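Content type mmCIF, C-alpha atoms, from the file protein22.cif:
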data_target
loop_
_atom_site.label_atom_id
_atom_site.label_comp_id
_atom_site.auth_asym_id
_atom_site.auth_seq_id
_atom_site.Cartn_x
_atom_site.Cartn_y
_atom_site.Cartn_z
CA MET A 1 35.01 8.67 -14.04
CA ALA A 2 38.59 7.50 -14.56
CA GLU A 3 39.36 5.40 -17.60
CA LEU A 4 40.96 2.71 -15.42
CA TRP A 5 41.36 1.51 -11.86
CA GLN A 6 44.84 0.31 -10.93
CA VAL A 7 44.25 -2.63 -8.60
CA GLN A 8 47.12 -3.83 -6.42
CA VAL A 9 47.55 -6.73 -4.00
CA GLU A 10 50.70 -6.85 -1.88
CA THR A 11 51.95 -9.45 0.59
CA ALA A 12 55.22 -10.65 2.12
CA ALA A 13 57.30 -12.38 -0.55
CA ASP A 14 58.88 -14.90 1.83
CA GLY A 15 55.46 -16.20 2.87
CA ALA A 16 53.83 -16.02 -0.55
CA ASP A 17 54.32 -19.60 -1.65
CA GLY A 18 52.77 -20.92 -4.85
CA GLU A 19 49.39 -21.62 -3.29
CA VAL A 20 49.05 -18.06 -1.99
CA GLU A 21 50.11 -16.56 -5.30
CA GLU A 22 47.78 -18.84 -7.25
CA THR A 23 44.90 -17.87 -4.94
CA LEU A 24 45.59 -14.19 -5.46
CA TYR A 25 45.74 -14.64 -9.24
CA TRP A 26 42.39 -16.43 -9.05
CA TYR A 27 40.80 -13.59 -7.07
CA LEU A 28 42.19 -10.99 -9.47
CA SER A 29 40.83 -12.91 -12.47
CA GLU A 30 37.44 -13.17 -10.74
CA LEU A 31 37.38 -9.38 -10.46
CA GLY A 32 37.90 -9.24 -14.20
CA LEU A 33 41.56 -8.26 -14.57
CA PRO A 34 42.80 -9.82 -17.83
CA HIS A 35 46.49 -9.12 -17.22
CA VAL A 36 48.36 -9.14 -13.92
CA GLU A 37 51.90 -7.78 -13.46
CA ARG A 38 54.09 -9.52 -10.91
CA GLN A 39 57.01 -7.91 -9.08
CA ILE A 40 59.15 -8.58 -6.02
CA LEU A 41 59.92 -5.23 -4.37
CA ALA A 42 61.80 -4.89 -1.08
CA GLY A 43 60.78 -8.36 0.05
CA ARG A 44 57.15 -7.89 -0.99
CA LEU A 45 55.18 -9.74 -3.68
CA VAL A 46 53.21 -7.16 -5.67
CA LEU A 47 50.46 -8.17 -8.10
CA ARG A 48 49.04 -5.28 -10.12
CA GLY A 49 46.44 -5.02 -12.84
CA TYR A 50 44.02 -2.61 -14.49
CA LEU A 51 40.26 -2.60 -14.57
CA SER A 52 37.61 -0.54 -16.32
CA GLY A 53 36.87 2.73 -14.56
CA GLU A 54 33.16 1.92 -14.93
CA THR A 55 33.47 -0.73 -12.19
CA PRO A 56 31.70 0.59 -9.04
CA GLU A 57 33.88 1.00 -5.95
CA GLY A 58 31.31 -0.99 -3.98
CA VAL A 59 32.08 -4.05 -6.11
CA MET A 60 35.77 -3.76 -5.30
CA GLU A 61 35.09 -3.19 -1.59
CA ARG A 62 33.10 -6.41 -1.41
CA TRP A 63 35.83 -8.20 -3.38
CA ARG A 64 38.50 -7.01 -0.93
CA GLU A 65 36.51 -8.21 2.09
CA HIS A 66 35.94 -11.55 0.37
CA ILE A 67 39.71 -12.04 0.02
CA ARG A 68 40.45 -10.97 3.57
CA GLU A 69 37.91 -13.43 4.94
CA ARG A 70 39.42 -16.36 3.04
CA LEU A 71 43.14 -15.65 2.82
CA THR A 72 45.14 -16.62 5.90
CA GLN A 73 48.18 -14.58 4.81
CA LYS A 74 47.96 -10.84 5.43
CA ALA A 75 47.59 -8.88 2.20
CA GLU A 76 47.28 -5.19 1.47
CA ILE A 77 44.64 -4.57 -1.19
CA GLY A 78 43.94 -1.23 -2.81
CA TRP A 79 43.08 0.63 -6.00
CA TYR A 80 43.22 4.13 -7.40
CA ALA A 81 42.13 5.92 -10.55
CA VAL A 82 44.55 6.30 -13.45
CA GLU A 83 44.25 7.47 -17.03
CA ARG A 84 44.89 4.85 -19.66
CA ARG A 85 47.69 6.80 -21.36
CA ASP A 86 49.54 7.30 -18.05
CA TRP A 87 49.44 3.58 -17.27
CA GLN A 88 50.58 2.53 -20.73
CA ALA A 89 53.55 4.92 -20.69
CA ALA A 90 54.70 3.82 -17.22
CA TRP A 91 54.28 0.14 -18.04
CA ARG A 92 56.22 0.39 -21.28
CA GLU A 93 59.14 2.02 -19.49
CA GLN A 94 59.64 -0.98 -17.22
CA TRP A 95 59.01 -3.90 -19.61
CA ARG A 96 62.14 -5.46 -21.09
CA PRO A 97 62.84 -8.22 -23.66
CA ILE A 98 62.47 -11.76 -22.30
CA PHE A 99 64.73 -14.52 -23.63
CA VAL A 100 63.08 -17.95 -23.41
CA GLY A 101 64.45 -21.41 -24.07
CA GLU A 102 67.02 -21.97 -26.78
CA ARG A 103 65.43 -20.10 -29.66
CA LEU A 104 62.90 -17.47 -28.62
CA VAL A 105 62.83 -13.88 -27.43
CA ILE A 106 59.74 -11.82 -26.57
CA TRP A 107 60.49 -8.34 -27.86
CA PRO A 108 58.43 -5.22 -26.99
CA VAL A 109 57.36 -3.66 -30.28
CA TRP A 110 58.40 -0.17 -29.17
CA LEU A 111 62.06 -1.18 -28.73
CA PRO A 112 64.50 -1.03 -31.69
CA ASP A 113 66.99 -3.60 -32.97
CA PRO A 114 65.76 -7.07 -31.97
CA PRO A 115 68.50 -9.74 -32.04
CA GLY A 116 69.10 -11.68 -35.22
CA ASP A 117 70.08 -14.99 -33.63
CA ARG A 118 66.65 -15.87 -32.19
CA LEU A 119 63.07 -16.20 -33.33
CA VAL A 120 61.60 -12.84 -32.36
CA ILE A 121 58.07 -12.62 -30.96
CA PRO A 122 57.23 -8.91 -31.30
CA LEU A 123 54.59 -8.19 -28.69
CA ASP A 124 52.30 -5.38 -27.62
CA PRO A 125 50.13 -7.13 -25.02
CA GLY A 126 47.92 -4.18 -24.15
CA MET A 127 45.82 -5.33 -21.20
CA ALA A 128 45.86 -9.05 -21.98
CA PHE A 129 47.70 -11.76 -20.05
CA GLY A 130 50.86 -13.18 -21.57
CA THR A 131 53.95 -10.97 -21.61
CA GLY A 132 56.38 -13.74 -20.69
CA GLU A 133 56.87 -12.26 -17.24
CA HIS A 134 54.99 -15.13 -15.61
CA ALA A 135 56.64 -18.53 -15.29
CA THR A 136 53.73 -20.41 -16.88
CA THR A 137 54.07 -18.46 -20.15
CA ARG A 138 57.79 -19.19 -20.29
CA LEU A 139 57.18 -22.87 -19.54
CA CYS A 140 54.68 -23.15 -22.39
CA LEU A 141 57.13 -21.48 -24.77
CA ARG A 142 59.86 -23.95 -23.77
CA ALA A 143 57.43 -26.81 -24.30
CA LEU A 144 56.45 -25.55 -27.75
CA GLU A 145 60.13 -25.51 -28.69
CA SER A 146 60.33 -29.21 -27.83
CA VAL A 147 57.51 -30.36 -30.14
CA PRO A 148 59.12 -31.50 -33.43
CA ASP A 149 56.06 -31.02 -35.67
CA LEU A 150 53.43 -28.61 -34.34
CA GLY A 151 51.13 -28.85 -37.39
CA THR A 152 47.64 -27.46 -36.76
CA PHE A 153 46.88 -26.32 -33.22
CA ALA A 154 44.57 -24.44 -30.88
CA ASP A 155 45.56 -21.96 -28.17
CA VAL A 156 42.80 -22.12 -25.54
CA GLY A 157 42.93 -19.03 -23.35
CA CYS A 158 45.16 -17.13 -25.79
CA GLY A 159 45.58 -13.91 -23.76
CA SER A 160 47.97 -11.65 -25.66
CA GLY A 161 48.49 -14.30 -28.35
CA VAL A 162 52.14 -14.83 -27.42
CA LEU A 163 51.85 -18.64 -27.56
CA THR A 164 49.96 -18.51 -30.85
CA VAL A 165 52.62 -16.33 -32.45
CA ALA A 166 55.39 -18.51 -31.02
CA ALA A 167 53.85 -21.72 -32.36
CA LEU A 168 53.63 -20.27 -35.85
CA LYS A 169 57.20 -18.96 -35.73
CA LEU A 170 58.31 -22.42 -34.59
CA GLY A 171 56.80 -24.00 -37.69
CA ALA A 172 53.10 -24.64 -37.02
CA GLY A 173 50.97 -24.52 -40.13
CA ARG A 174 47.67 -23.04 -38.98
CA GLY A 175 46.15 -22.11 -35.64
CA TRP A 176 42.96 -21.28 -33.79
CA ALA A 177 43.04 -18.95 -30.77
CA VAL A 178 40.16 -18.49 -28.34
CA ASP A 179 39.66 -16.55 -25.12
CA THR A 180 36.61 -15.61 -23.08
CA ASP A 181 37.93 -12.05 -22.61
CA ASP A 182 37.26 -9.43 -25.30
CA LEU A 183 40.53 -7.61 -24.60
CA ALA A 184 42.47 -10.83 -25.17
CA VAL A 185 40.80 -11.35 -28.54
CA VAL A 186 41.70 -7.80 -29.59
CA SER A 187 45.27 -8.19 -28.33
CA THR A 188 45.82 -11.53 -30.07
CA ARG A 189 44.59 -10.18 -33.39
CA LYS A 190 46.83 -7.13 -33.03
CA ASN A 191 49.95 -9.19 -32.27
CA LEU A 192 49.27 -11.54 -35.16
CA GLU A 193 49.04 -8.53 -37.47
CA ILE A 194 52.34 -7.15 -36.12
CA SER A 195 54.02 -10.41 -37.16
CA GLY A 196 52.11 -10.65 -40.44
CA LEU A 197 50.50 -13.93 -39.34
CA GLU A 198 46.82 -12.96 -39.18
CA GLU A 199 45.92 -14.98 -42.28
CA ARG A 200 47.07 -18.21 -40.61
CA VAL A 201 44.98 -17.98 -37.43
CA THR A 202 41.26 -17.85 -36.65
CA VAL A 203 40.66 -15.84 -33.47
CA ALA A 204 37.34 -16.03 -31.62
CA ARG A 205 35.80 -15.03 -28.32
CA GLY A 206 34.85 -18.08 -26.28
CA SER A 207 36.40 -21.42 -25.42
CA THR A 208 36.52 -24.91 -26.88
CA GLU A 209 32.93 -24.69 -28.13
CA GLN A 210 34.32 -22.45 -30.89
CA LEU A 211 36.69 -25.17 -32.09
CA SER A 212 36.47 -28.35 -34.10
CA GLY A 213 39.05 -31.04 -34.80
CA PRO A 214 40.96 -32.97 -35.58
CA LEU A 215 44.00 -30.90 -34.63
CA ASP A 216 47.62 -31.88 -34.25
CA GLY A 217 47.82 -30.31 -30.81
CA VAL A 218 46.56 -27.89 -28.19
CA VAL A 219 48.24 -25.48 -25.79
CA SER A 220 46.35 -24.04 -22.83
CA ASN A 221 47.79 -21.74 -20.17
CA ILE A 222 44.79 -21.06 -17.94
CA LEU A 223 43.86 -22.45 -14.50
CA ALA A 224 44.18 -25.96 -13.12
CA GLU A 225 40.46 -26.43 -12.47
CA VAL A 226 39.51 -25.18 -15.93
CA ILE A 227 42.01 -27.49 -17.65
CA ALA A 228 40.68 -30.47 -15.69
CA ASN A 229 37.09 -29.59 -16.61
CA LEU A 230 37.99 -29.15 -20.28
CA ALA A 231 39.86 -32.47 -20.53
CA PRO A 232 37.08 -34.17 -22.57
CA GLU A 233 37.09 -31.20 -24.95
CA PHE A 234 40.83 -31.41 -25.48
CA ARG A 235 40.40 -35.11 -26.27
CA ARG A 236 37.65 -34.23 -28.78
CA LEU A 237 39.82 -31.70 -30.54
CA VAL A 238 43.19 -33.51 -30.78
CA HIS A 239 43.63 -36.55 -32.99
CA PRO A 240 45.27 -39.72 -31.57
CA GLY A 241 48.98 -39.14 -31.26
CA GLY A 242 48.53 -35.38 -31.12
CA TRP A 243 50.35 -33.23 -28.58
CA GLY A 244 49.12 -31.30 -25.55
CA ILE A 245 50.77 -28.57 -23.47
CA PHE A 246 48.99 -27.44 -20.30
CA SER A 247 50.04 -24.86 -17.74
CA GLY A 248 48.70 -22.18 -15.42
CA LEU A 249 48.98 -24.69 -12.57
CA LEU A 250 51.12 -25.32 -9.53
CA LEU A 251 53.27 -28.40 -9.05
CA THR A 252 50.93 -29.36 -6.21
CA GLN A 253 47.95 -29.18 -8.60
CA ALA A 254 49.64 -31.20 -11.36
CA PRO A 255 48.65 -34.72 -10.17
CA ARG A 256 44.91 -34.07 -10.24
CA VAL A 257 45.15 -32.31 -13.62
CA VAL A 258 47.17 -35.24 -15.00
CA GLU A 259 44.51 -37.62 -13.68
CA ALA A 260 41.73 -35.70 -15.43
CA LEU A 261 43.67 -35.61 -18.70
CA ALA A 262 44.74 -39.26 -18.43
CA GLY A 263 41.09 -40.21 -18.23
CA GLN A 264 40.84 -38.79 -21.75
CA GLY A 265 43.83 -40.67 -23.14
CA PHE A 266 46.54 -38.11 -22.36
CA ALA A 267 49.94 -39.72 -21.69
CA LEU A 268 52.29 -37.41 -19.81
CA SER A 269 55.82 -37.40 -21.19
CA GLU A 270 57.36 -34.50 -19.27
CA THR A 271 56.63 -32.02 -16.49
CA LEU A 272 58.49 -28.74 -16.84
CA SER A 273 58.77 -26.55 -13.76
CA GLU A 274 59.89 -23.11 -12.68
CA GLY A 275 59.60 -22.26 -9.02
CA ASP A 276 56.24 -23.60 -7.83
CA TRP A 277 54.71 -23.61 -11.33
CA ALA A 278 54.29 -26.59 -13.65
CA CYS A 279 53.72 -27.30 -17.32
CA LEU A 280 52.46 -30.70 -18.52
CA VAL A 281 53.67 -31.99 -21.88
CA GLY A 282 52.41 -35.17 -23.52
CA ARG A 283 50.33 -36.82 -26.23
CA PHE A 284 46.81 -38.17 -26.60
CA SER A 285 46.65 -41.89 -27.29
CA ALA A 286 44.17 -43.83 -29.38
CA ASP A 287 42.76 -45.53 -26.27
CA ARG A 288 39.17 -44.84 -25.38
CA PRO A 289 38.63 -42.68 -22.28
CA ARG A 290 38.03 -44.55 -19.06
CA SER A 291 34.42 -44.62 -17.95
CA ALA A 292 33.46 -43.49 -14.46
CA GLY A 293 33.93 -46.44 -12.12
CA SER A 294 36.42 -48.24 -14.37
#

Starting from the file, lay out its structure as structure tokens.
Amino acid sequence: MAELWQVQVETAADGADGEVEETLYWYLSELGLPHVERQILAGRLVLRGYLSGETPEGVMERWREHIRERLTQKAEIGWYAVERRDWQAAWREQWRPIFVGERLVIWPVWLPDPPGDRLVIPLDPGMAFGTGEHATTRLCLRALESVPDLGTFADVGCGSGVLTVAALKLGAGRGWAVDTDDLAVVSTRKNLEISGLEERVTVARGSTEQLSGPLDGVVSNILAEVIANLAPEFRRLVHPGGWGIFSGLLLTQAPRVVEALAGQGFALSETLSEGDWACLVGRFSADRPRSAGS
């Protein structure tokens, strides 16, 4: 049995608007892929990730048919066996530093000589989401730069830990990082250790049930539906006046996410965007949440 399956979904780039891409990301996450690479190659959108070689092929066959039945855009879906060391070597060859905002750079740990004029986020993401290649990660990093006093915070859906590390480098005092994926927990702990920040963050497997407030803020780069469902939890965790940064959503999904958060006292101050993707930035007020029917 191979150590890993490389799973790839490919479709025409000119027809792959935000909704199609978001749908494909959702299907890939449902299969259990914690990190998805995105490339545009010869006019094609290519999404690629890696899955445990213990996953039966029958599971992936049913998953492929499920997508084809529900996706109107034609997509080529396939997988093949790879060894973990082969994938890691190939992936490292193509990943480059990513400069974000005014102050940050995501720097692969295997590259020498990071720049001295930016806050460096040394990163080895392993198989966890959050390399900075996706727009939503970059949007969250830009939003974190804009918060004047980050204080204590939680990163819900921490992935590789890139947002946790960035918040601390930008001046946050202490953090909590949670993710439902074991690989993400391992990756976040590793990247905190690389930066010497492990003593300032509690990392746990799970979601908001692992957290208690009051916190100065929360950042969450997950999925629109999950953010909307967790809105009461974000309100529970963040003290009045505290900040919130939410992404992983499309511009078309932003209004209903804002509505769910507003029902918990969240006042939107800014919507950052890149392509079809959005990031909501705001603060939680002292007002009581609206009751259903009010």

Closest atom pairs, range 140-186 of chain A residues within 12 Å of range 95-113 of chain A, only C-alpha atoms, as CSV:
residue,atom,partner,partner_atom,distance
A:Cys140,CA,A:Val100,CA,9.9
A:Leu141,CA,A:Val100,CA,7.1
A:Arg142,CA,A:Gly101,CA,5.3
A:Ala143,CA,A:Gly101,CA,8.9
A:Leu144,CA,A:Gly101,CA,9.7
A:Glu145,CA,A:Gly101,CA,7.5
A:Ser146,CA,A:Gly101,CA,9.6
A:Ser160,CA,A:Ile106,CA,11.8
A:Gly161,CA,A:Ile106,CA,11.7
A:Val162,CA,A:Ile106,CA,8.2
A:Leu163,CA,A:Ile106,CA,10.5
A:Val165,CA,A:Ile106,CA,10.3
A:Ala166,CA,A:Leu104,CA,8.0
A:Ala167,CA,A:Leu104,CA,10.7
A:Lys169,CA,A:Leu104,CA,9.2
A:Leu170,CA,A:Arg103,CA,9.0

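Of the listed residues (A:Leu249, A:Met60, A:Val9, A:Leu41), A:Leu249 comes nearest to Glu22 in chain A; the distances count only C-alpha atoms.
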
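Comparing the minimum interatomic distances between Ile194 in chain A and each of A:Glu259, A:Asp155, A:Asp124, A:Asp181, counting only C-alpha atoms, we find that A:Asp124 sits nearest.
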
Please enumerate the residues selected by the PyMOL selection byres ((chain A and resi 45) around 7) when evaluated against the supplied file, formatted as a ChimeraX atom specification.
/A:10-13,39-41,43-44,46-47

Store the residues picked out above, limited to C-alpha atoms, as a PDB file, in the coordinates of the input.
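Result saved to result06.pdb:
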ATOM      1  CA  GLU A  10      50.700  -6.850  -1.880  1.00  0.00           C
ATOM      2  CA  THR A  11      51.950  -9.450   0.590  1.00  0.00           C
ATOM      3  CA  ALA A  12      55.220 -10.650   2.120  1.00  0.00           C
ATOM      4  CA  ALA A  13      57.300 -12.380  -0.550  1.00  0.00           C
ATOM      5  CA  GLN A  39      57.010  -7.910  -9.080  1.00  0.00           C
ATOM      6  CA  ILE A  40      59.150  -8.580  -6.020  1.00  0.00           C
ATOM      7  CA  LEU A  41      59.920  -5.230  -4.370  1.00  0.00           C
ATOM      8  CA  GLY A  43      60.780  -8.360   0.050  1.00  0.00           C
ATOM      9  CA  ARG A  44      57.150  -7.890  -0.990  1.00  0.00           C
ATOM     10  CA  VAL A  46      53.210  -7.160  -5.670  1.00  0.00           C
ATOM     11  CA  LEU A  47      50.460  -8.170  -8.100  1.00  0.00           C
TER      12      LEU A  47
END

When the PyMOL selection byres ((chain A and resi 273) around 10) is applied to the structure above, which residues does it catch, written out as a VMD selection string?
chain A and resid 135 to 136 138 to 139 247 250 to 251 270 to 272 274 to 280

Could you list, as a list in words, every residue matched by the PyMOL selection byres ((chain A and resi 150) around 7) in this structure?
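Evaluating the PyMOL selection byres ((chain A and resi 150) around 7) on these coordinates yields Val147, Pro148, Asp149, Gly151, Thr152, Gly171, Ala172, Asp216 and Gly217 of chain A.
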
Shortest interatomic distance to Gly53 in chain A - which of A:Trp176, A:Gln6, A:Val201, A:Gly265, counting all atoms listed in the file:
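Among the listed residues, the smallest separation from Gly53 in chain A belongs to A:Gln6.
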
Surrounding residues of Ala267 in chain A excluding itself and chain neighbours under 2 positions, 7 Å, all atoms listed in the file, as a PDB file with C-alpha atoms, in the coordinates of the input:
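Final file, selection-v8.pdb:
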ATOM      1  CA  ALA A 262      44.740 -39.260 -18.430  1.00  0.00           C
ATOM      2  CA  GLY A 265      43.830 -40.670 -23.140  1.00  0.00           C
ATOM      3  CA  SER A 269      55.820 -37.400 -21.190  1.00  0.00           C
ATOM      4  CA  GLY A 282      52.410 -35.170 -23.520  1.00  0.00           C
ATOM      5  CA  ARG A 283      50.330 -36.820 -26.230  1.00  0.00           C
ATOM      6  CA  PHE A 284      46.810 -38.170 -26.600  1.00  0.00           C
ATOM      7  CA  SER A 285      46.650 -41.890 -27.290  1.00  0.00           C
TER       8      SER A 285
END

Just checking: using only C-alpha atoms, which residue out of A:Leu197, A:Ala224, A:Leu51, A:Leu71 ends up closest to Leu24 in chain A?
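Ranked by minimum distance to Leu24 in chain A, first place goes to A:Leu71.
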
Determine, counting all atoms listed in the file, every residue of protein, DNA or RNA that lies within 12 Å of (46.2, -36.7, -11.8) in the file coordinates, then give the result as a PyMOL selection string.
chain A and resi 224-225+227-228+231+251-264+266-268+280

Would you please work out which residue, of A:Glu133, A:Asp182, A:Glu199, A:Glu69, is nearest to Glu37 in chain A when using all atoms listed in the file?
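Result for the nearest residue to Glu37 in chain A: A:Glu133.
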
Have a look at A:Ser29, A:Ala286, A:Val59, A:Glu3 and name the one nearest to Leu223 in chain A; count all atoms listed in the file.
A:Ser29

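Taking CA of Val281 in chain A and CA of Trp243 in chain A as the two end points, the separation is 7.6 Å.
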
Report, in Å with one decimal, the straight-line distance from CA of Phe153 in chain A to CA of Gly244 in chain A.
9.4 Å

Between CA of Ala204 in chain A and CA of His239 in chain A, measure the distance and give it in Å to one decimal.
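Between CA of Ala204 in chain A and CA of His239 in chain A the gap works out to 21.5 Å.
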
Any chance you could build range 172-190 of chain A out to N, CA, C and O atoms and write it as a compact mmCIF listing (two decimals), in the frame of the given file?
# COMPACT_ATOMS: atom_id res chain seq x y z
N ALA A 172 54.48 -24.18 -36.89
CA ALA A 172 53.10 -24.64 -37.02
C ALA A 172 52.50 -24.12 -38.32
O ALA A 172 52.85 -23.04 -38.80
N GLY A 173 51.55 -24.89 -38.86
CA GLY A 173 50.97 -24.52 -40.13
C GLY A 173 49.82 -23.55 -40.02
O GLY A 173 49.77 -22.51 -40.67
N ARG A 174 48.85 -23.88 -39.15
CA ARG A 174 47.67 -23.04 -38.98
C ARG A 174 47.18 -23.18 -37.55
O ARG A 174 47.32 -24.23 -36.93
N GLY A 175 46.60 -22.09 -37.02
CA GLY A 175 46.15 -22.11 -35.64
C GLY A 175 44.77 -21.53 -35.43
O GLY A 175 44.23 -20.82 -36.29
N TRP A 176 44.22 -21.86 -34.28
CA TRP A 176 42.96 -21.28 -33.79
C TRP A 176 43.24 -20.76 -32.39
O TRP A 176 43.89 -21.46 -31.59
N ALA A 177 42.79 -19.56 -32.08
CA ALA A 177 43.04 -18.95 -30.77
C ALA A 177 41.71 -18.47 -30.21
O ALA A 177 40.97 -17.74 -30.88
N VAL A 178 41.42 -18.89 -28.97
CA VAL A 178 40.16 -18.49 -28.34
C VAL A 178 40.43 -17.99 -26.93
O VAL A 178 41.36 -18.43 -26.25
N ASP A 179 39.59 -17.06 -26.48
CA ASP A 179 39.66 -16.55 -25.12
C ASP A 179 38.29 -15.98 -24.78
O ASP A 179 37.61 -15.43 -25.65
N THR A 180 37.91 -16.11 -23.51
CA THR A 180 36.61 -15.61 -23.08
C THR A 180 36.63 -14.10 -22.83
O THR A 180 35.58 -13.51 -22.60
N ASP A 181 37.80 -13.48 -22.88
CA ASP A 181 37.93 -12.05 -22.61
C ASP A 181 38.06 -11.27 -23.92
O ASP A 181 38.89 -11.59 -24.77
N ASP A 182 37.24 -10.23 -24.07
CA ASP A 182 37.26 -9.43 -25.30
C ASP A 182 38.62 -8.77 -25.53
O ASP A 182 39.09 -8.68 -26.67
N LEU A 183 39.24 -8.28 -24.46
CA LEU A 183 40.53 -7.61 -24.60
C LEU A 183 41.60 -8.57 -25.11
O LEU A 183 42.48 -8.18 -25.87
N ALA A 184 41.52 -9.83 -24.69
CA ALA A 184 42.47 -10.83 -25.17
C ALA A 184 42.30 -11.07 -26.66
O ALA A 184 43.29 -11.21 -27.40
N VAL A 185 41.06 -11.14 -27.11
CA VAL A 185 40.80 -11.35 -28.54
C VAL A 185 41.39 -10.21 -29.36
O VAL A 185 42.06 -10.42 -30.38
N VAL A 186 41.16 -8.98 -28.90
CA VAL A 186 41.70 -7.80 -29.59
C VAL A 186 43.23 -7.84 -29.60
O VAL A 186 43.88 -7.59 -30.62
N SER A 187 43.81 -8.17 -28.45
CA SER A 187 45.27 -8.19 -28.33
C SER A 187 45.90 -9.27 -29.21
O SER A 187 46.91 -9.04 -29.88
N THR A 188 45.29 -10.46 -29.23
CA THR A 188 45.82 -11.53 -30.07
C THR A 188 45.79 -11.15 -31.54
O THR A 188 46.76 -11.35 -32.27
N ARG A 189 44.68 -10.59 -31.98
CA ARG A 189 44.59 -10.18 -33.39
C ARG A 189 45.65 -9.12 -33.72
O ARG A 189 46.30 -9.17 -34.77
N LYS A 190 45.85 -8.19 -32.80
CA LYS A 190 46.83 -7.13 -33.03
C LYS A 190 48.24 -7.71 -33.15
O LYS A 190 49.01 -7.34 -34.05
